[in-house]
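Asks: Take a look at this one; I'll ask things after.
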Amino acid sequence: MAKTTAKYELMYIIDLDIGDEQIAATVEKFKSLIEANGTVDELDEIGKKKLAYLINDKPDGYYVLVKFTSVPNFPAELDRVLKITDGIMRSLITVIGE
């Protein structure tokens with residue numbers, strides 16, 4: 001029997017230069033997108049942190065961790081939207097093992 005849903009973890013970093021209002025809007029955008037295609041199990045706005053290395057000559061970013069459950073084909077679409085969204089510095093979606 002094919003699995004209908006799986007658990008995932010999304011970590012993304014938002015550019016601080018877009019401002020607090022736009023950071024909040026970006027977090028809400030991805031929360032809504034995930035909720036439209038699955039369920040948000042946990043949303044942790046870690047906040048401003050120093051990056052391990054410079055990204056686009058910037059030392060800091062706004063970290064967000066989301067644990068969610070969705071159908072297996074959704075993370076590819078989520079990844080596509082993350083890549084084309086202004087202000088997203090880096091993102092990584094991983095499957096959480098059972």
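Here, A, B, ... name the chains of the structure tokens in the order displayed, residue numbers run from 1 inside each chain, and ligands are numbered from 1 in the same displayed order.
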Which polymer residues have any atom within 7 Å of an atom of Val66 of chain A, counting only C-alpha atoms, with same-chain residues fewer than 6 positions away left out, as number ranges by chain?

Replies: A: 9-11, 42-44

Asks: Quick one: residues within 12 Å of segment 91-98 of chain A, only C-alpha atoms counted, chain neighbours fewer than 2 positions away excluded, as a ChimeraX atom specification?

Replies: /A:5-15,30,61-72,74-85,87-89

Asks: Would you pick out the contacts of Asp60 of chain A at 12 Å or less, using only C-alpha atoms, so that residues sharing its chain but fewer than 6 positions from it are not included, and give the list as an NGL selection string?

Replies: :A and (13-17 or 47-54 or 89-90)

Asks: Go ahead and dump the residues you just picked, all heavy atoms, as a compact mmCIF listing (two decimals), in the first residue's frame.

Replies:
# COMPACT_ATOMS: atom_id res chain seq x y z
N ILE A 13 16.01 30.32 5.71
CA ILE A 13 16.64 31.52 6.24
C ILE A 13 16.18 32.71 5.39
O ILE A 13 16.28 32.68 4.17
CB ILE A 13 18.18 31.43 6.18
CG1 ILE A 13 18.67 30.14 6.87
CG2 ILE A 13 18.81 32.66 6.83
CD1 ILE A 13 20.13 29.84 6.64
N ILE A 14 15.66 33.72 6.08
CA ILE A 14 15.16 34.92 5.40
C ILE A 14 16.18 36.04 5.56
O ILE A 14 16.76 36.22 6.62
CB ILE A 14 13.81 35.36 6.02
CG1 ILE A 14 12.79 34.21 5.96
CG2 ILE A 14 13.27 36.59 5.28
CD1 ILE A 14 11.50 34.49 6.73
N ASP A 15 16.37 36.79 4.50
CA ASP A 15 17.27 37.95 4.50
C ASP A 15 16.70 39.02 5.44
O ASP A 15 15.56 39.45 5.28
CB ASP A 15 17.36 38.50 3.07
CG ASP A 15 18.41 39.58 2.92
OD1 ASP A 15 18.79 40.20 3.93
OD2 ASP A 15 18.84 39.81 1.77
N LEU A 16 17.49 39.45 6.41
CA LEU A 16 17.05 40.47 7.38
C LEU A 16 16.78 41.82 6.72
O LEU A 16 16.01 42.62 7.24
CB LEU A 16 18.08 40.63 8.49
CG LEU A 16 18.24 39.43 9.44
CD1 LEU A 16 19.49 39.60 10.28
CD2 LEU A 16 17.02 39.28 10.32
N ASP A 17 17.41 42.08 5.59
CA ASP A 17 17.27 43.37 4.91
C ASP A 17 15.86 43.66 4.40
O ASP A 17 15.52 44.80 4.10
CB ASP A 17 18.25 43.48 3.74
CG ASP A 17 19.69 43.58 4.21
OD1 ASP A 17 19.91 43.76 5.44
OD2 ASP A 17 20.60 43.47 3.37
N GLY A 47 14.50 32.96 14.71
CA GLY A 47 14.86 34.37 14.71
C GLY A 47 16.23 34.64 14.14
O GLY A 47 16.83 33.81 13.46
N LYS A 48 16.75 35.83 14.47
CA LYS A 48 18.04 36.28 13.92
C LYS A 48 19.18 35.47 14.51
O LYS A 48 19.29 35.32 15.72
CB LYS A 48 18.23 37.76 14.23
CG LYS A 48 19.52 38.31 13.69
CD LYS A 48 19.72 39.77 14.06
CE LYS A 48 21.12 40.21 13.64
NZ LYS A 48 21.40 41.59 13.98
N LYS A 49 20.00 34.93 13.62
CA LYS A 49 21.19 34.18 14.04
C LYS A 49 22.33 34.47 13.08
O LYS A 49 22.11 34.81 11.93
CB LYS A 49 20.90 32.66 13.99
CG LYS A 49 20.03 32.17 15.13
CD LYS A 49 19.92 30.67 15.11
CE LYS A 49 21.25 30.04 15.44
NZ LYS A 49 21.21 28.67 15.84
N LYS A 50 23.52 34.27 13.58
CA LYS A 50 24.71 34.40 12.74
C LYS A 50 24.78 33.18 11.83
O LYS A 50 24.53 32.06 12.26
CB LYS A 50 25.96 34.48 13.63
CG LYS A 50 27.21 34.81 12.86
CD LYS A 50 28.27 35.44 13.73
CE LYS A 50 28.33 36.93 13.80
NZ LYS A 50 27.88 37.76 12.74
N LEU A 51 25.06 33.43 10.56
CA LEU A 51 25.19 32.34 9.59
C LEU A 51 26.54 31.64 9.78
O LEU A 51 27.50 32.25 10.25
CB LEU A 51 25.10 32.89 8.17
CG LEU A 51 23.80 33.63 7.81
CD1 LEU A 51 23.95 34.33 6.46
CD2 LEU A 51 22.63 32.67 7.78
N ALA A 52 26.61 30.38 9.40
CA ALA A 52 27.86 29.63 9.50
C ALA A 52 28.91 30.20 8.54
O ALA A 52 30.10 30.14 8.80
CB ALA A 52 27.61 28.16 9.18
N TYR A 53 28.43 30.76 7.44
CA TYR A 53 29.30 31.41 6.46
C TYR A 53 28.49 32.50 5.78
O TYR A 53 27.26 32.49 5.83
CB TYR A 53 29.83 30.41 5.43
CG TYR A 53 28.74 29.60 4.76
CD1 TYR A 53 28.12 30.06 3.60
CD2 TYR A 53 28.32 28.39 5.29
CE1 TYR A 53 27.11 29.34 3.00
CE2 TYR A 53 27.31 27.66 4.70
CZ TYR A 53 26.72 28.14 3.54
OH TYR A 53 25.70 27.43 2.94
N LEU A 54 29.16 33.46 5.16
CA LEU A 54 28.46 34.55 4.50
C LEU A 54 27.62 34.03 3.34
O LEU A 54 28.07 33.19 2.56
CB LEU A 54 29.46 35.59 3.96
CG LEU A 54 30.27 36.38 4.99
CD1 LEU A 54 31.21 37.34 4.27
CD2 LEU A 54 29.38 37.14 5.95
N MET A 89 17.11 33.22 1.64
CA MET A 89 18.54 33.06 1.39
C MET A 89 18.91 31.60 1.15
O MET A 89 19.70 31.28 0.28
CB MET A 89 19.34 33.61 2.58
CG MET A 89 19.12 35.10 2.80
SD MET A 89 19.80 35.69 4.37
CE MET A 89 21.54 35.80 4.00
N ARG A 90 18.35 30.72 1.95
CA ARG A 90 18.59 29.28 1.84
C ARG A 90 17.38 28.55 2.37
O ARG A 90 16.68 29.03 3.26
CB ARG A 90 19.80 28.83 2.69
CG ARG A 90 21.15 29.24 2.17
CD ARG A 90 21.58 28.41 0.95
NE ARG A 90 22.94 28.68 0.58
CZ ARG A 90 23.35 29.71 -0.16
NH1 ARG A 90 22.49 30.62 -0.56
NH2 ARG A 90 24.61 29.85 -0.48

Asks: Among the residues of chain A, find those DSSP assigns to strand (DSSP E) from the backbone and print them as a PyMOL selection string.

Replies: chain A and resi 6-14+38-55+58-70+88-95

Asks: Separation of atom CA of Ile34 of chain A and atom CA of Asn73 of chain A, in Å?

Replies: 12.3 Å

Asks: Quote the spacing between atom CA of Glu45 of chain A and atom CA of Lys29 of chain A in Å to one decimal place.

Replies: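 Atom-to-atom, atom CA of Glu45 of chain A and atom CA of Lys29 of chain A are spaced 13.6 Å apart.
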
Asks: Record the distance separating atom CA of Asp86 of chain A and atom CA of Glu21 of chain A, expressed in Å with one decimal.

Replies: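 Computing the Euclidean distance for atom CA of Asp86 of chain A and atom CA of Glu21 of chain A yields 13.9 Å.
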
Asks: Could you please write out, as a ChimeraX atom specification, every residue of chain A that DSSP assigns to helix (DSSP H, G or I)?

Replies: /A:16-18,20-37,74-84
